Structures are given as C-alpha cells and as structure tokens.
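Report on the structure given below.
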Amino acid sequence: MFVESLVNHINANTDLNVSMNIRTEDSVLLRIAPSSPDPFNMDMQHSKNFSFQILTKHSNQFLAYSWIEQISQLLHGLSYSDIQDDDYNLIVLEETTSPNFVETNSSNQHIYTAIYNAEIIRK
C-alpha cells in the first residue's frame, strides 16, 4: 500500500517514528485526508490523488516545529525514484499547506501540521 511505503520512507530517512495511530504522548502522525477528483493523463491513463496530513505533537514547541520542518524538507518534491511501492508508482509529491501551528492542547503539547498531495498511478 502506498501509505505504508510513505510511512516507511519517512521513518527510514529521519530519526522520527511516524505512526498512523493517534497517541497521547509526543508523536508524529500521518492521517489520510480528502483529495481532489482523480485526473486523467493525456494518454487517458488514470492517476490517483492521495492527500495526507502530517501532525507533530510535543511538549517542547521547538521540537514539534523542527519535526514538521524535517518531514517537509524530506517530502516536498519527491518523485518516481524516491518511493518504491508494489502497487503504485509515485508521479510527484507536493506540499499543499506549509508547516503551521494548530494548537496547544490540554496536556500542554504543541501541535503543528502540514498537508501534502501525491499523484500516484496503479502499476
């Protein structure tokens, strides 16, 4: 699955541990987000838009922000050769919303987020 390949890519290229499960402690979370309708290419091949959100949460605001920036620098502009998946080929991955502050929650953890869109095509 593309999302698993994406999580593995982030974990392999950073010192972070990205999860798809919400945790209460300091963490990095990947959430699948709504995306635009899937486009057709010039040759009528059907590609798929895959949007997702990364959230970082930490009691130290500097760490929460540095985590989201680290991921942003890794992901923005990735293309075919950067992420290999058995089911999909990555065409391009772009940041659609830059890293920004969301809130400080009741546990005094600072939350930052960024949103991305990957254009992928089924093999």
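Scheme for the structure tokens: letters A, B, ... for chains in order shown; per-chain residue numbers from 1; ligand numbers from 1 in order shown.
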Close residues, Asn8 of chain A itself excluded, 10 Å, only C-alpha atoms, min 4 positions apart in chain, as a VMD selection string: chain A and resid 2 to 4 12 to 13 17 to 19 83
Kindly provide the residues of segment 42-75 of chain A that approach segment 22-27 of chain A to within 12 Å, each paired with its closest atom pair and their distance in Å to one decimal, based on only C-alpha atoms, listed by chain and increasing number, as CSV.
```
residue,atom,partner,partner_atom,distance
A:Ile54,CA,A:Ser27,CA,10.5
A:Leu55,CA,A:Ser27,CA,8.2
A:Thr56,CA,A:Ser27,CA,5.9
A:Lys57,CA,A:Asp26,CA,5.2
A:His58,CA,A:Asp26,CA,4.4
A:Ser59,CA,A:Asp26,CA,6.8
A:Asn60,CA,A:Asp26,CA,9.0
A:Gln61,CA,A:Asp26,CA,10.8
A:Leu63,CA,A:Asp26,CA,9.7
A:Ala64,CA,A:Asp26,CA,8.5
A:Tyr65,CA,A:Ser27,CA,11.9
A:Trp67,CA,A:Ser27,CA,9.5
A:Ile68,CA,A:Ser27,CA,10.9
```
Would you save the residues from that selection as a PDB file, in the first residue's frame, using N, CA and C atoms?
```
ATOM      1  N   ILE A  54       0.342  15.518   7.914  1.00  0.00           N
ATOM      2  CA  ILE A  54       1.295  15.128   8.949  1.00  0.00           C
ATOM      3  C   ILE A  54       1.067  16.058  10.128  1.00  0.00           C
ATOM      4  N   LEU A  55       0.934  15.487  11.316  1.00  0.00           N
ATOM      5  CA  LEU A  55       0.820  16.268  12.544  1.00  0.00           C
ATOM      6  C   LEU A  55       1.963  15.887  13.469  1.00  0.00           C
ATOM      7  N   THR A  56       2.606  16.889  14.053  1.00  0.00           N
ATOM      8  CA  THR A  56       3.618  16.630  15.070  1.00  0.00           C
ATOM      9  C   THR A  56       3.105  17.198  16.383  1.00  0.00           C
ATOM     10  N   LYS A  57       3.399  16.483  17.460  1.00  0.00           N
ATOM     11  CA  LYS A  57       2.905  16.890  18.775  1.00  0.00           C
ATOM     12  C   LYS A  57       4.024  16.675  19.785  1.00  0.00           C
ATOM     13  N   HIS A  58       4.384  17.736  20.508  1.00  0.00           N
ATOM     14  CA  HIS A  58       5.449  17.608  21.503  1.00  0.00           C
ATOM     15  C   HIS A  58       5.270  18.670  22.578  1.00  0.00           C
ATOM     16  N   SER A  59       5.695  18.347  23.789  1.00  0.00           N
ATOM     17  CA  SER A  59       5.622  19.313  24.887  1.00  0.00           C
ATOM     18  C   SER A  59       6.628  20.448  24.693  1.00  0.00           C
ATOM     19  N   ASN A  60       7.660  20.211  23.897  1.00  0.00           N
ATOM     20  CA  ASN A  60       8.638  21.239  23.552  1.00  0.00           C
ATOM     21  C   ASN A  60       8.255  21.801  22.180  1.00  0.00           C
ATOM     22  N   GLN A  61       7.830  23.054  22.153  1.00  0.00           N
ATOM     23  CA  GLN A  61       7.349  23.648  20.905  1.00  0.00           C
ATOM     24  C   GLN A  61       8.413  23.634  19.813  1.00  0.00           C
ATOM     25  N   LEU A  63      10.771  21.423  19.302  1.00  0.00           N
ATOM     26  CA  LEU A  63      10.875  20.076  18.725  1.00  0.00           C
ATOM     27  C   LEU A  63       9.696  19.766  17.813  1.00  0.00           C
ATOM     28  N   ALA A  64       8.494  20.131  18.229  1.00  0.00           N
ATOM     29  CA  ALA A  64       7.316  19.890  17.381  1.00  0.00           C
ATOM     30  C   ALA A  64       7.485  20.583  16.035  1.00  0.00           C
ATOM     31  N   TYR A  65       7.971  21.819  16.057  1.00  0.00           N
ATOM     32  CA  TYR A  65       8.164  22.553  14.807  1.00  0.00           C
ATOM     33  C   TYR A  65       9.325  21.981  13.991  1.00  0.00           C
ATOM     34  N   TRP A  67      10.388  18.949  13.909  1.00  0.00           N
ATOM     35  CA  TRP A  67       9.956  17.676  13.330  1.00  0.00           C
ATOM     36  C   TRP A  67       9.173  17.909  12.040  1.00  0.00           C
ATOM     37  N   ILE A  68       8.202  18.829  12.071  1.00  0.00           N
ATOM     38  CA  ILE A  68       7.374  19.051  10.883  1.00  0.00           C
ATOM     39  C   ILE A  68       8.216  19.646   9.753  1.00  0.00           C
TER      40      ILE A  68
END
```
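Coordinates place atom CA of Gln109 of chain A at a distance of 21.8 Å from atom CA of Asn11 of chain A.
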Nearby residues (only C-alpha atoms) at most 6 Å from segment 47-53 of chain A, same-chain spacing under 2 positions excluded, as a list in words: Leu30, Arg31, Ile32, Ala33, Ser35, Asp38, Pro39, Ala114, Ile115, Tyr116, Asn117, Ala118, Glu119, Ile120 and Ile121 of chain A
Residue set, segment 21-83 of chain A restricted to strand (DSSP E or B), as a PyMOL selection string: chain A and resi 27-33+40+46+48-58+79
May I have the selected residues written with C-alpha atoms, as a PDB file, in the first residue's frame?
```pdb
ATOM      1  CA  SER A  27       4.424  11.849  18.450  1.00  0.00           C
ATOM      2  CA  VAL A  28       4.260  12.228  14.681  1.00  0.00           C
ATOM      3  CA  LEU A  29       1.027  11.168  12.985  1.00  0.00           C
ATOM      4  CA  LEU A  30       0.113  10.635   9.327  1.00  0.00           C
ATOM      5  CA  ARG A  31      -3.597  10.992   8.535  1.00  0.00           C
ATOM      6  CA  ILE A  32      -5.207  10.356   5.167  1.00  0.00           C
ATOM      7  CA  ALA A  33      -7.100  13.469   4.038  1.00  0.00           C
ATOM      8  CA  PHE A  40      -6.770  11.508 -16.456  1.00  0.00           C
ATOM      9  CA  HIS A  46      -5.954   7.269 -14.822  1.00  0.00           C
ATOM     10  CA  LYS A  48      -4.899   8.964  -8.358  1.00  0.00           C
ATOM     11  CA  ASN A  49      -4.592  11.912  -5.996  1.00  0.00           C
ATOM     12  CA  PHE A  50      -3.636  10.857  -2.491  1.00  0.00           C
ATOM     13  CA  SER A  51      -3.784  13.645   0.092  1.00  0.00           C
ATOM     14  CA  PHE A  52      -2.499  13.302   3.605  1.00  0.00           C
ATOM     15  CA  GLN A  53      -1.712  15.367   6.660  1.00  0.00           C
ATOM     16  CA  ILE A  54       1.295  15.128   8.949  1.00  0.00           C
ATOM     17  CA  LEU A  55       0.820  16.268  12.544  1.00  0.00           C
ATOM     18  CA  THR A  56       3.618  16.630  15.070  1.00  0.00           C
ATOM     19  CA  LYS A  57       2.905  16.890  18.775  1.00  0.00           C
ATOM     20  CA  HIS A  58       5.449  17.608  21.503  1.00  0.00           C
ATOM     21  CA  SER A  79       9.085  11.750  -7.476  1.00  0.00           C
TER      22      SER A  79
END
```
Every residue of chain A that DSSP places in helix (DSSP H, G or I), as a ChimeraX atom specification: /A:2-13,61-75
10 Å contact set for Ser81 of chain A, only C-alpha atoms, chain neighbours under 2 positions out, as JSON, numbers by chain: {"A": [78, 79, 83, 84, 89, 90, 91, 92]}
Store the residues picked out above, limited to N, CA and C atoms, as a PDB file, in the first residue's frame.
```
ATOM      1  N   LEU A  78       9.223  15.009  -3.935  1.00  0.00           N
ATOM      2  CA  LEU A  78       9.595  13.625  -4.229  1.00  0.00           C
ATOM      3  C   LEU A  78       8.975  13.194  -5.550  1.00  0.00           C
ATOM      4  N   SER A  79       9.624  12.258  -6.216  1.00  0.00           N
ATOM      5  CA  SER A  79       9.085  11.750  -7.476  1.00  0.00           C
ATOM      6  C   SER A  79       9.325  10.250  -7.584  1.00  0.00           C
ATOM      7  N   ILE A  83      10.219   6.877  -3.843  1.00  0.00           N
ATOM      8  CA  ILE A  83       9.423   5.929  -3.054  1.00  0.00           C
ATOM      9  C   ILE A  83       9.010   4.785  -3.966  1.00  0.00           C
ATOM     10  N   GLN A  84       9.405   3.582  -3.606  1.00  0.00           N
ATOM     11  CA  GLN A  84       9.048   2.393  -4.376  1.00  0.00           C
ATOM     12  C   GLN A  84       7.919   1.659  -3.660  1.00  0.00           C
ATOM     13  N   ASN A  89       3.067   3.617  -8.584  1.00  0.00           N
ATOM     14  CA  ASN A  89       4.233   4.436  -8.897  1.00  0.00           C
ATOM     15  C   ASN A  89       3.916   5.861  -8.478  1.00  0.00           C
ATOM     16  N   LEU A  90       4.850   6.501  -7.807  1.00  0.00           N
ATOM     17  CA  LEU A  90       4.703   7.899  -7.435  1.00  0.00           C
ATOM     18  C   LEU A  90       5.080   8.768  -8.627  1.00  0.00           C
ATOM     19  N   ILE A  91       4.187   9.666  -9.008  1.00  0.00           N
ATOM     20  CA  ILE A  91       4.491  10.619 -10.073  1.00  0.00           C
ATOM     21  C   ILE A  91       5.146  11.848  -9.454  1.00  0.00           C
ATOM     22  N   VAL A  92       4.474  12.459  -8.489  1.00  0.00           N
ATOM     23  CA  VAL A  92       5.038  13.612  -7.783  1.00  0.00           C
ATOM     24  C   VAL A  92       4.341  13.761  -6.433  1.00  0.00           C
TER      25      VAL A  92
END
```
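Nearest to Leu74 of chain A of all the residues A:Leu93, A:Ile111, A:Met20, A:Val102 is A:Leu93, counting only C-alpha atoms.
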Best match for closeness to Ile71 of chain A among A:Asn21, A:Ser98, A:Gln45, A:Ser36, counting only C-alpha atoms: A:Ser98
Counting only C-alpha atoms, the option among A:Leu75, A:Met1, A:Leu6, A:Leu16 closest to Thr96 of chain A: A:Leu75
